[in-house]
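For reference, work_0.pdb (PDB, C-alpha atoms):
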```
ATOM      1  CA  MET A 137     112.997 -54.967  59.665
ATOM      2  CA  ARG A 138     116.479 -55.789  60.800
ATOM      3  CA  LEU A 139     119.221 -56.679  58.340
ATOM      4  CA  ARG A 140     122.240 -58.439  59.775
ATOM      5  CA  ILE A 141     125.536 -59.304  58.152
ATOM      6  CA  VAL A 142     127.083 -62.498  59.476
ATOM      7  CA  ASP A 143     130.535 -63.900  58.728
ATOM      8  CA  ALA A 144     130.032 -67.650  58.245
ATOM      9  CA  PHE A 145     132.483 -70.544  58.435
ATOM     10  CA  THR A 146     134.768 -68.542  60.700
ATOM     11  CA  ASP A 147     135.091 -67.772  64.410
ATOM     12  CA  ARG A 148     136.097 -64.126  63.983
ATOM     13  CA  PRO A 149     134.929 -61.000  62.146
ATOM     14  CA  PHE A 150     136.196 -60.083  58.688
ATOM     15  CA  ALA A 151     136.973 -63.675  57.701
ATOM     16  CA  GLY A 152     134.908 -66.511  56.282
ATOM     17  CA  ASN A 153     131.984 -65.669  54.003
ATOM     18  CA  PRO A 154     129.683 -62.718  54.779
ATOM     19  CA  ALA A 155     125.962 -63.176  54.202
ATOM     20  CA  ALA A 156     123.087 -60.799  54.817
ATOM     21  CA  VAL A 157     120.111 -62.171  56.758
ATOM     22  CA  VAL A 158     116.627 -60.628  56.694
ATOM     23  CA  LEU A 159     114.014 -62.156  59.010
ATOM     24  CA  LEU A 160     110.510 -61.496  57.692
ATOM     25  CA  PRO A 161     107.147 -61.792  59.457
ATOM     26  CA  SER A 162     104.847 -64.760  58.933
ATOM     27  CA  GLY A 163     103.048 -64.964  55.639
ATOM     28  CA  PRO A 164     104.171 -65.195  52.028
ATOM     29  CA  PHE A 165     107.514 -63.867  50.854
ATOM     30  CA  PRO A 166     107.542 -60.319  49.472
ATOM     31  CA  SER A 167     107.710 -59.927  45.701
ATOM     32  CA  ASP A 168     110.652 -61.456  43.873
ATOM     33  CA  PRO A 169     111.715 -58.057  42.451
ATOM     34  CA  TRP A 170     111.905 -56.601  45.972
ATOM     35  CA  LEU A 171     113.955 -59.543  47.238
ATOM     36  CA  ALA A 172     116.288 -59.231  44.255
ATOM     37  CA  GLN A 173     116.672 -55.477  44.757
ATOM     38  CA  VAL A 174     117.602 -55.900  48.423
ATOM     39  CA  ALA A 175     120.184 -58.548  47.501
ATOM     40  CA  ALA A 176     121.617 -56.310  44.774
ATOM     41  CA  GLU A 177     121.792 -53.384  47.206
ATOM     42  CA  VAL A 178     123.597 -55.435  49.851
ATOM     43  CA  ASN A 179     125.870 -56.826  47.100
ATOM     44  CA  LEU A 180     127.221 -59.797  49.033
ATOM     45  CA  SER A 181     127.545 -63.246  47.506
ATOM     46  CA  GLU A 182     124.256 -64.221  49.173
ATOM     47  CA  THR A 183     121.379 -62.548  50.996
ATOM     48  CA  ALA A 184     119.054 -64.899  52.903
ATOM     49  CA  PHE A 185     115.371 -64.174  53.480
ATOM     50  CA  ALA A 186     113.433 -66.251  56.010
ATOM     51  CA  HIS A 187     109.972 -66.195  57.535
ATOM     52  CA  PRO A 188     108.404 -68.445  60.192
ATOM     53  CA  LEU A 189     106.021 -71.262  59.298
ATOM     54  CA  PRO A 190     103.903 -71.584  62.451
ATOM     55  CA  ASP A 191     101.462 -74.085  60.950
ATOM     56  CA  ALA A 192     103.781 -76.240  58.816
ATOM     57  CA  PRO A 193     104.175 -79.838  60.057
ATOM     58  CA  ASP A 194     107.635 -80.469  58.602
ATOM     59  CA  ALA A 195     109.436 -77.107  58.718
ATOM     60  CA  ASP A 196     109.907 -74.164  61.077
ATOM     61  CA  TRP A 197     111.073 -71.447  58.663
ATOM     62  CA  ALA A 198     110.904 -70.838  54.917
ATOM     63  CA  LEU A 199     114.252 -69.800  53.449
ATOM     64  CA  ARG A 200     115.388 -68.346  50.112
ATOM     65  CA  TRP A 201     118.793 -67.154  48.909
ATOM     66  CA  PHE A 202     119.706 -64.465  46.354
ATOM     67  CA  THR A 203     123.036 -63.443  44.867
ATOM     68  CA  PRO A 204     123.290 -59.848  43.568
ATOM     69  CA  THR A 205     121.924 -61.084  40.234
ATOM     70  CA  THR A 206     119.913 -64.296  40.717
ATOM     71  CA  GLU A 207     118.134 -66.664  43.119
ATOM     72  CA  VAL A 208     119.969 -69.912  43.869
ATOM     73  CA  ALA A 209     118.669 -73.364  44.747
ATOM     74  CA  MET A 210     121.013 -74.009  47.663
ATOM     75  CA  CYS A 211     123.469 -72.028  49.784
ATOM     76  CA  GLY A 212     125.424 -73.313  52.757
ATOM     77  CA  HIS A 213     127.002 -70.220  54.276
ATOM     78  CA  ALA A 214     123.802 -68.138  54.170
ATOM     79  CA  THR A 215     121.895 -71.021  55.808
ATOM     80  CA  LEU A 216     124.543 -71.148  58.540
ATOM     81  CA  ALA A 217     124.257 -67.365  58.926
ATOM     82  CA  THR A 218     120.455 -67.540  59.189
ATOM     83  CA  ALA A 219     120.568 -70.284  61.816
ATOM     84  CA  HIS A 220     123.158 -68.259  63.739
ATOM     85  CA  VAL A 221     120.866 -65.196  63.758
ATOM     86  CA  LEU A 222     117.828 -67.239  64.815
ATOM     87  CA  HIS A 223     119.724 -68.769  67.719
ATOM     88  CA  ALA A 224     121.430 -65.510  68.730
ATOM     89  CA  THR A 225     118.149 -63.594  68.828
ATOM     90  CA  GLY A 226     116.189 -66.333  70.584
ATOM     91  CA  ALA A 227     113.836 -66.703  67.615
ATOM     92  CA  ALA A 228     114.662 -70.420  67.553
ATOM     93  CA  THR A 229     116.363 -73.016  69.723
ATOM     94  CA  GLY A 230     117.756 -76.446  68.999
ATOM     95  CA  THR A 231     117.384 -77.889  65.519
ATOM     96  CA  ILE A 232     115.815 -75.578  62.918
ATOM     97  CA  ARG A 233     114.052 -77.043  59.871
ATOM     98  CA  PHE A 234     114.143 -74.844  56.768
ATOM     99  CA  ALA A 235     111.784 -75.298  53.815
ATOM    100  CA  THR A 236     113.818 -74.464  50.697
ATOM    101  CA  ARG A 237     114.014 -75.101  46.958
ATOM    102  CA  SER A 238     116.355 -77.993  47.863
ATOM    103  CA  GLY A 239     113.874 -79.610  50.242
ATOM    104  CA  ILE A 240     113.994 -79.570  54.033
ATOM    105  CA  LEU A 241     117.415 -78.544  55.356
ATOM    106  CA  THR A 242     118.218 -78.620  59.061
ATOM    107  CA  ALA A 243     120.629 -76.650  61.229
ATOM    108  CA  THR A 244     121.611 -77.935  64.670
ATOM    109  CA  PRO A 245     123.964 -76.476  67.299
ATOM    110  CA  ALA A 246     127.101 -78.588  67.047
ATOM    111  CA  ALA A 247     127.624 -81.259  69.679
ATOM    112  CA  PRO A 248     130.569 -80.908  72.084
ATOM    113  CA  THR A 249     132.243 -83.836  70.314
ATOM    114  CA  THR A 250     132.833 -81.759  67.163
ATOM    115  CA  PRO A 251     136.486 -82.315  66.204
ATOM    116  CA  ALA A 252     138.908 -79.582  67.163
ATOM    117  CA  SER A 253     139.840 -78.988  63.518
ATOM    118  CA  THR A 254     136.292 -77.768  62.894
ATOM    119  CA  LEU A 255     136.756 -75.031  65.444
ATOM    120  CA  ALA A 256     140.301 -74.056  64.541
ATOM    121  CA  PRO A 257     140.518 -70.324  63.934
ATOM    122  CA  THR A 258     140.448 -69.107  60.375
ATOM    123  CA  PRO A 259     143.904 -67.851  59.333
ATOM    124  CA  SER A 260     144.139 -64.238  60.456
ATOM    125  CA  THR A 261     146.560 -61.737  61.887
ATOM    126  CA  SER A 262     144.054 -60.926  64.632
ATOM    127  CA  THR A 263     144.174 -62.691  67.983
ATOM    128  CA  THR A 264     140.923 -61.190  69.268
ATOM    129  CA  GLN A 265     138.126 -63.695  69.771
ATOM    130  CA  PRO A 266     134.688 -62.217  69.012
ATOM    131  CA  SER A 267     131.692 -62.754  71.205
ATOM    132  CA  GLY A 268     128.813 -64.718  69.732
ATOM    133  CA  ALA A 269     130.669 -67.212  67.514
ATOM    134  CA  THR A 270     128.654 -70.425  67.396
ATOM    135  CA  ALA A 271     129.226 -73.851  65.852
ATOM    136  CA  ILE A 272     126.293 -75.180  63.813
ATOM    137  CA  THR A 273     125.866 -78.361  61.781
ATOM    138  CA  LEU A 274     123.872 -78.229  58.549
ATOM    139  CA  ASP A 275     122.259 -81.341  57.041
ATOM    140  CA  PHE A 276     122.335 -81.007  53.228
ATOM    141  CA  PRO A 277     121.825 -83.415  50.316
ATOM    142  CA  THR A 278     125.040 -84.926  48.986
ATOM    143  CA  ALA A 279     125.788 -83.787  45.449
ATOM    144  CA  PRO A 280     125.843 -86.633  42.895
ATOM    145  CA  LEU A 281     129.169 -86.551  41.039
ATOM    146  CA  THR A 282     129.262 -87.488  37.365
ATOM    147  CA  PRO A 283     132.696 -87.659  35.664
ATOM    148  CA  LEU A 284     132.896 -85.459  32.575
ATOM    149  CA  GLU A 285     135.163 -84.971  29.631
ATOM    150  CA  ILE A 286     137.038 -81.788  30.450
ATOM    151  CA  PRO A 287     134.946 -79.001  28.849
ATOM    152  CA  ASP A 288     136.692 -77.077  26.098
ATOM    153  CA  GLY A 289     138.389 -73.978  27.418
ATOM    154  CA  THR A 290     138.417 -75.026  31.091
ATOM    155  CA  GLY A 291     142.196 -75.093  31.441
ATOM    156  CA  ALA A 292     142.616 -71.797  29.602
ATOM    157  CA  ALA A 293     139.895 -70.142  31.703
ATOM    158  CA  LEU A 294     141.488 -71.272  34.964
ATOM    159  CA  GLY A 295     145.095 -70.910  33.900
ATOM    160  CA  ALA A 296     145.861 -74.463  35.078
ATOM    161  CA  THR A 297     145.586 -77.991  33.691
ATOM    162  CA  PRO A 298     142.617 -79.978  35.077
ATOM    163  CA  LEU A 299     143.240 -83.559  36.165
ATOM    164  CA  ALA A 300     139.544 -84.434  36.205
ATOM    165  CA  CYS A 301     136.133 -82.747  36.000
ATOM    166  CA  TYR A 302     132.753 -83.649  37.498
ATOM    167  CA  ASP A 303     129.198 -82.429  37.154
ATOM    168  CA  THR A 304     127.695 -81.802  40.609
ATOM    169  CA  GLY A 305     124.015 -82.339  39.781
ATOM    170  CA  PRO A 306     121.047 -79.981  39.519
ATOM    171  CA  GLN A 307     120.979 -78.626  43.080
ATOM    172  CA  VAL A 308     124.615 -77.494  43.189
ATOM    173  CA  GLY A 309     124.931 -76.981  39.438
ATOM    174  CA  ASP A 310     128.682 -76.349  39.360
ATOM    175  CA  LEU A 311     131.675 -77.835  37.560
ATOM    176  CA  LEU A 312     134.067 -79.512  40.012
ATOM    177  CA  VAL A 313     137.656 -79.412  38.748
ATOM    178  CA  GLU A 314     140.483 -81.349  40.356
ATOM    179  CA  LEU A 315     143.918 -79.727  40.072
ATOM    180  CA  ALA A 316     147.387 -81.062  40.750
ATOM    181  CA  ASP A 317     148.137 -79.647  44.182
ATOM    182  CA  GLU A 318     147.355 -77.044  46.826
ATOM    183  CA  THR A 319     149.954 -74.624  45.475
ATOM    184  CA  THR A 320     148.194 -74.583  42.090
ATOM    185  CA  VAL A 321     144.798 -73.918  43.696
ATOM    186  CA  ARG A 322     146.168 -71.083  45.827
ATOM    187  CA  GLY A 323     147.967 -69.488  42.872
ATOM    188  CA  LEU A 324     145.045 -69.386  40.428
ATOM    189  CA  SER A 325     144.238 -66.100  38.728
ATOM    190  CA  PRO A 326     141.483 -67.172  36.349
ATOM    191  CA  ASP A 327     140.078 -65.355  33.341
ATOM    192  CA  LEU A 328     136.679 -64.650  34.878
ATOM    193  CA  ALA A 329     135.015 -63.735  31.591
ATOM    194  CA  ALA A 330     136.080 -67.116  30.212
ATOM    195  CA  VAL A 331     134.922 -68.885  33.400
ATOM    196  CA  ALA A 332     131.500 -67.275  32.982
ATOM    197  CA  ARG A 333     131.227 -68.839  29.512
ATOM    198  CA  LEU A 334     131.731 -72.391  30.781
ATOM    199  CA  PRO A 335     128.534 -74.501  30.758
ATOM    200  CA  HIS A 336     127.925 -74.458  34.517
ATOM    201  CA  ARG A 337     126.714 -72.001  37.167
ATOM    202  CA  GLY A 338     130.210 -71.818  38.678
ATOM    203  CA  VAL A 339     133.499 -73.665  39.009
ATOM    204  CA  ILE A 340     134.818 -75.398  42.136
ATOM    205  CA  VAL A 341     138.551 -76.102  42.044
ATOM    206  CA  THR A 342     140.163 -78.473  44.520
ATOM    207  CA  ALA A 343     143.311 -80.399  45.414
ATOM    208  CA  PRO A 344     144.597 -82.428  48.371
ATOM    209  CA  ALA A 345     146.172 -80.605  51.294
ATOM    210  CA  ARG A 346     149.864 -79.950  50.821
ATOM    211  CA  THR A 347     150.551 -81.118  54.374
ATOM    212  CA  PRO A 348     147.536 -82.847  55.937
ATOM    213  CA  GLY A 349     146.943 -81.623  59.457
ATOM    214  CA  ASP A 350     144.189 -79.165  60.295
ATOM    215  CA  HIS A 351     142.656 -79.707  56.829
ATOM    216  CA  ASP A 352     142.483 -82.555  54.317
ATOM    217  CA  PHE A 353     141.785 -80.717  51.063
ATOM    218  CA  VAL A 354     141.614 -77.180  49.703
ATOM    219  CA  SER A 355     139.198 -75.478  47.342
ATOM    220  CA  ARG A 356     138.175 -72.227  45.719
ATOM    221  CA  PHE A 357     134.931 -71.233  44.002
ATOM    222  CA  PHE A 358     134.427 -68.911  41.027
ATOM    223  CA  GLY A 359     130.899 -67.905  39.951
ATOM    224  CA  PRO A 360     131.055 -64.819  37.725
ATOM    225  CA  ALA A 361     127.991 -65.985  35.763
ATOM    226  CA  SER A 362     125.990 -65.583  39.011
ATOM    227  CA  GLY A 363     127.523 -62.252  39.983
ATOM    228  CA  ILE A 364     130.172 -63.791  42.281
ATOM    229  CA  ASP A 365     133.717 -63.476  40.969
ATOM    230  CA  GLU A 366     135.093 -65.530  43.874
ATOM    231  CA  ASP A 367     133.059 -66.797  46.813
ATOM    232  CA  PRO A 368     135.042 -66.719  50.073
ATOM    233  CA  VAL A 369     133.639 -69.973  51.557
ATOM    234  CA  THR A 370     131.060 -72.097  49.743
ATOM    235  CA  GLY A 371     129.062 -74.519  51.858
ATOM    236  CA  SER A 372     127.141 -76.055  48.942
ATOM    237  CA  ALA A 373     130.407 -76.855  47.152
ATOM    238  CA  HIS A 374     131.390 -79.039  50.091
ATOM    239  CA  THR A 375     128.433 -81.340  49.428
ATOM    240  CA  ALA A 376     130.362 -82.260  46.261
ATOM    241  CA  LEU A 377     133.850 -82.060  47.763
ATOM    242  CA  ALA A 378     132.862 -84.438  50.575
ATOM    243  CA  PRO A 379     132.125 -87.494  48.375
ATOM    244  CA  LEU A 380     135.141 -86.788  46.137
ATOM    245  CA  TRP A 381     137.683 -86.653  48.955
ATOM    246  CA  SER A 382     135.968 -89.307  51.031
ATOM    247  CA  SER A 383     136.474 -91.765  48.168
ATOM    248  CA  ARG A 384     140.095 -90.658  47.704
ATOM    249  CA  LEU A 385     141.117 -90.590  51.367
ATOM    250  CA  GLY A 386     139.016 -93.481  52.665
ATOM    251  CA  ARG A 387     137.324 -91.477  55.439
ATOM    252  CA  THR A 388     133.830 -90.078  55.838
ATOM    253  CA  GLU A 389     134.860 -87.250  58.182
ATOM    254  CA  LEU A 390     137.112 -84.556  56.731
ATOM    255  CA  THR A 391     137.962 -80.866  56.987
ATOM    256  CA  GLY A 392     138.148 -78.594  53.955
ATOM    257  CA  LEU A 393     139.961 -75.265  53.805
ATOM    258  CA  GLN A 394     138.685 -72.790  51.227
ATOM    259  CA  VAL A 395     141.771 -70.756  50.376
ATOM    260  CA  SER A 396     140.178 -67.487  49.267
ATOM    261  CA  ALA A 397     141.586 -64.205  50.542
ATOM    262  CA  ARG A 398     139.249 -64.332  53.575
ATOM    263  CA  GLY A 399     139.511 -68.091  54.036
ATOM    264  CA  GLY A 400     137.369 -70.491  56.014
ATOM    265  CA  ARG A 401     137.105 -74.082  57.225
ATOM    266  CA  VAL A 402     134.229 -76.481  56.712
ATOM    267  CA  HIS A 403     134.119 -79.776  58.585
ATOM    268  CA  VAL A 404     132.239 -82.403  56.545
ATOM    269  CA  ARG A 405     130.724 -85.753  57.483
ATOM    270  CA  LEU A 406     129.489 -87.908  54.609
ATOM    271  CA  ARG A 407     126.392 -89.971  55.398
ATOM    272  CA  GLY A 408     125.372 -91.509  52.095
ATOM    273  CA  ASP A 409     122.927 -89.190  50.366
ATOM    274  CA  ARG A 410     123.344 -86.539  53.097
ATOM    275  CA  THR A 411     126.367 -84.421  53.982
ATOM    276  CA  LEU A 412     126.788 -82.713  57.339
ATOM    277  CA  LEU A 413     128.605 -79.371  57.225
ATOM    278  CA  THR A 414     129.836 -77.830  60.467
ATOM    279  CA  GLY A 415     131.185 -74.318  60.908
ATOM    280  CA  GLN A 416     131.022 -71.250  63.083
ATOM    281  CA  ALA A 417     129.538 -67.823  62.505
ATOM    282  CA  VAL A 418     129.636 -64.367  64.057
ATOM    283  CA  THR A 419     127.444 -61.293  63.495
ATOM    284  CA  VAL A 420     129.417 -58.214  62.461
ATOM    285  CA  ILE A 421     126.688 -55.707  61.448
ATOM    286  CA  ASP A 422     123.155 -55.259  62.787
ATOM    287  CA  GLY A 423     121.100 -52.572  61.046
ATOM    288  CA  GLU A 424     117.611 -51.517  60.029
ATOM    289  CA  LEU A 425     116.157 -52.033  56.567
ATOM    290  CA  LEU A 426     114.152 -48.869  55.836
ATOM    291  CA  THR A 427     112.502 -49.935  52.575
ATOM    292  CA  ALA A 428     109.148 -51.669  53.085
ATOM    293  CA  PRO A 429     108.594 -55.026  51.382
ATOM    294  CA  GLU A 430     106.493 -55.176  48.241
ATOM    295  CA  ALA A 431     103.752 -57.784  48.225
ATOM    296  CA  ASN A 432     103.484 -60.416  45.514
TER     297      ASN A 432
END
```

Represent the structure of the file as structure tokens.
Amino acid sequence: MRLRIVDAFTDRPFAGNPAAVVLLPSGPFPSDPWLAQVAAEVNLSETAFAHPLPDAPDADWALRWFTPTTEVAMCGHATLATAHVLHATGAATGTIRFATRSGILTATPAAPTTPASTLAPTPSTSTTQPSGATAITLDFPTAPLTPLEIPDGTGAALGATPLACYDTGPQVGDLLVELADETTVRGLSPDLAAVARLPHRGVIVTAPARTPGDHDFVSRFFGPASGIDEDPVTGSAHTALAPLWSSRLGRTELTGLQVSARGGRVHVRLRGDRTLLTGQAVTVIDGELLTAPEAN
């Protein structure tokens, strides 16, 4: 089997969020321990496993996502990476329907009308444009936001004073923390052990853009409890960031910049209970997985 590493939510290699993609043959998924071992070996924030569903009426591929330590219910960048691989290899064309733990998720090549800010290059010192970068729109459920009392220890764990906190619902499962400004978000150096003790899978931090232009808000994501100290670009987090900033800015179409060291942009369109996430992806490694799958 082939194992590919794809940089997602970027138009160039070595930026955005890398995900591993393993395309499996038809039939049931291999055993959970084997999937978990492959993900731990790859040791990226997510490894995606997909197999075709030739007889399913409502989906084309089954899709699961694993961090180095656990399976997750939803992942944006690894879904983008999987759709990119399927299109690049000719295994799929047009809209792809994925059967997942979060229901049916779709991935569609972005229309030519996608705003230019979506396709703006990720900040980088390189000026080389890679071949194979594609723009894809994901259709995900919008995260329901519930205001919370700021959990004890949140400010100390982050090293910054929260303005507000929100629960993001069962599918995302993270704590969304609003901070004062972009400078504060960029400058965070959290106590990751303390972050891991907070009562959520991970912590999304966000603030408005310092100077609105090619992005409207910034974010970072910390998930040490799931084996991810800091995720470079988190698609699922933007299903919660979209309704927050849409209500604040009075627009349903926005661009988020995740200001991790690698960085990446996610264009979001809020459509009620669905959020459309658009980004690019590029394959950087294409190799062979030599260990045979173990059956369930």

Nearby residues (all atoms listed in the file) at most 6 Å from stretch 318-330 of chain A, same-chain spacing under 3 positions excluded, as a PyMOL selection string: chain A and resi 293-295+333+343+345-346

Residue nearest A:Asp194 - candidates A:Ala246, A:Leu241, A:Ala151, A:Ile286, atoms counted: all atoms listed in the file: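 Using all atoms listed in the file, the shortest distance to A:Asp194 belongs to A:Leu241.
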
Could you please determine the separation between atom CA of A:Val354 and atom CA of A:Arg237 in Å, to one decimal place?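 Here the two named atoms are 27.8 Å from each other.
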
Could you work out how far atom CA of A:Phe145 lies from atom CA of A:Asp303, giving the answer in Å with one decimal?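 Atom CA of A:Phe145 lies at a distance of 24.6 Å from atom CA of A:Asp303.
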
So what do you get for atom CA of A:Pro161 versus atom CA of A:Val420, distance-wise?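 Atom-to-atom, atom CA of A:Pro161 to atom CA of A:Val420, that is 22.8 Å.
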
Would you pick out the contacts of A:Ala373 at 10 Å or less, using only C-alpha atoms, so that residues sharing its chain but fewer than 6 positions from it are not included, and give the list as JSON, numbers by chain? {"A": [210, 211, 212, 278, 279, 304, 308, 309, 310, 311, 312, 338, 339, 340, 341, 355, 356, 357]}

Selected residue of minimal separation from A:Arg140 among A:Val313, A:Ile272, A:Ala192, A:Leu159, counting all atoms listed in the file: A:Leu159

Taking the file as shown, what set of residues would the PyMOL selection byres ((chain A and resi 187) around 8) give back, as a list in words?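 On this input, the PyMOL selection byres ((chain A and resi 187) around 8) captures Leu159, Leu160, Pro161, Ser162, Gly163, Phe165, Phe185, Ala186, Pro188, Leu189, Trp197, Ala198 and Leu199 of chain A.
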
Smallest atom-to-atom distance to A:Pro193: which of A:Arg233, A:Arg148, A:Arg384, A:Arg405, using only C-alpha atoms?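 Going through A:Arg233, A:Arg148, A:Arg384, A:Arg405 one by one, the smallest distance to A:Pro193 is for A:Arg233.
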
I'd like to know which of A:Pro429, A:Gly363, A:Pro344, A:Pro164 is closest to A:Thr391, using only C-alpha atoms.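 When distances to A:Thr391 are compared using only C-alpha atoms, the smallest one comes from A:Pro344.
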
Would you pick out the contacts of A:Leu425 at 6 Å or less, using all atoms listed in the file, so that residues sharing its chain but fewer than 3 positions from it are not included, and give the list as a list of chain:residue names?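 Listed by chain and then number, they are A:Met137, A:Arg138, A:Leu139.
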
Those residues you just picked out, can you put them in a file as a PDB file, in the frame of the given file with C-alpha atoms?
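Output file result31.pdb is given in full below:
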```pdb
ATOM      1  CA  MET A 137     112.997 -54.967  59.665  1.00  0.00           C
ATOM      2  CA  ARG A 138     116.479 -55.789  60.800  1.00  0.00           C
ATOM      3  CA  LEU A 139     119.221 -56.679  58.340  1.00  0.00           C
TER       4      LEU A 139
END
```

Any chance you could resolve the PyMOL selection byres ((chain A and resi 377) around 9) against this file and give the residues as a list of chain:residue names?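 Output of the PyMOL selection byres ((chain A and resi 377) around 9): A:Ala279, A:Leu312, A:Ile340, A:Thr342, A:Phe353, A:Ser355, A:Ala373, A:His374, A:Thr375, A:Ala376, A:Ala378, A:Pro379, A:Leu380, A:Trp381, A:Ser382, A:Gly392, A:Val404.
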
Take the residues from that selection and write them out as a compact mmCIF listing (two decimals), keeping the file's coordinate frame, keeping C-alpha atoms.
```txt
# COMPACT_ATOMS: atom_id res chain seq x y z
CA ALA A 279 125.79 -83.79 45.45
CA LEU A 312 134.07 -79.51 40.01
CA ILE A 340 134.82 -75.40 42.14
CA THR A 342 140.16 -78.47 44.52
CA PHE A 353 141.78 -80.72 51.06
CA SER A 355 139.20 -75.48 47.34
CA ALA A 373 130.41 -76.86 47.15
CA HIS A 374 131.39 -79.04 50.09
CA THR A 375 128.43 -81.34 49.43
CA ALA A 376 130.36 -82.26 46.26
CA ALA A 378 132.86 -84.44 50.58
CA PRO A 379 132.12 -87.49 48.38
CA LEU A 380 135.14 -86.79 46.14
CA TRP A 381 137.68 -86.65 48.96
CA SER A 382 135.97 -89.31 51.03
CA GLY A 392 138.15 -78.59 53.96
CA VAL A 404 132.24 -82.40 56.54
```

Just checking: using all atoms listed in the file, which residue out of A:Asp422, A:Glu177, A:Asp288, A:Glu314 ends up closest to A:Val157?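 The shortest atom-to-atom distance to A:Val157 comes from A:Asp422.
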
Explicit residue set for the PyMOL selection byres ((chain A and resi 167) around 10), as a list in words: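 On this input, the PyMOL selection byres ((chain A and resi 167) around 10) captures Pro164, Phe165, Pro166, Asp168, Pro169, Trp170, Leu171, Ala172, Pro429, Glu430, Ala431 and Asn432 of chain A.
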
Which residues are near stretch 152-156 of chain A? Cut-off 8 Å, only C-alpha atoms, ignore same chain within fewer than 3 positions. Put them as a VMD selection string. chain A and resid 139 to 146 178 180 to 184 213 to 214 217 258 367 to 370 398 to 401

Work out where the centre of an axis-aligned box around every listed atom of stretch 348-355 of chain A lies and how long its edges are once 4 Å is added on each side; give both in Å to one decimal as AutoDock Vina command-line options.
```
--center_x 143.4 --center_y -79.2 --center_z 53.8 --size_x 16.3 --size_y 15.4 --size_z 21.0
```
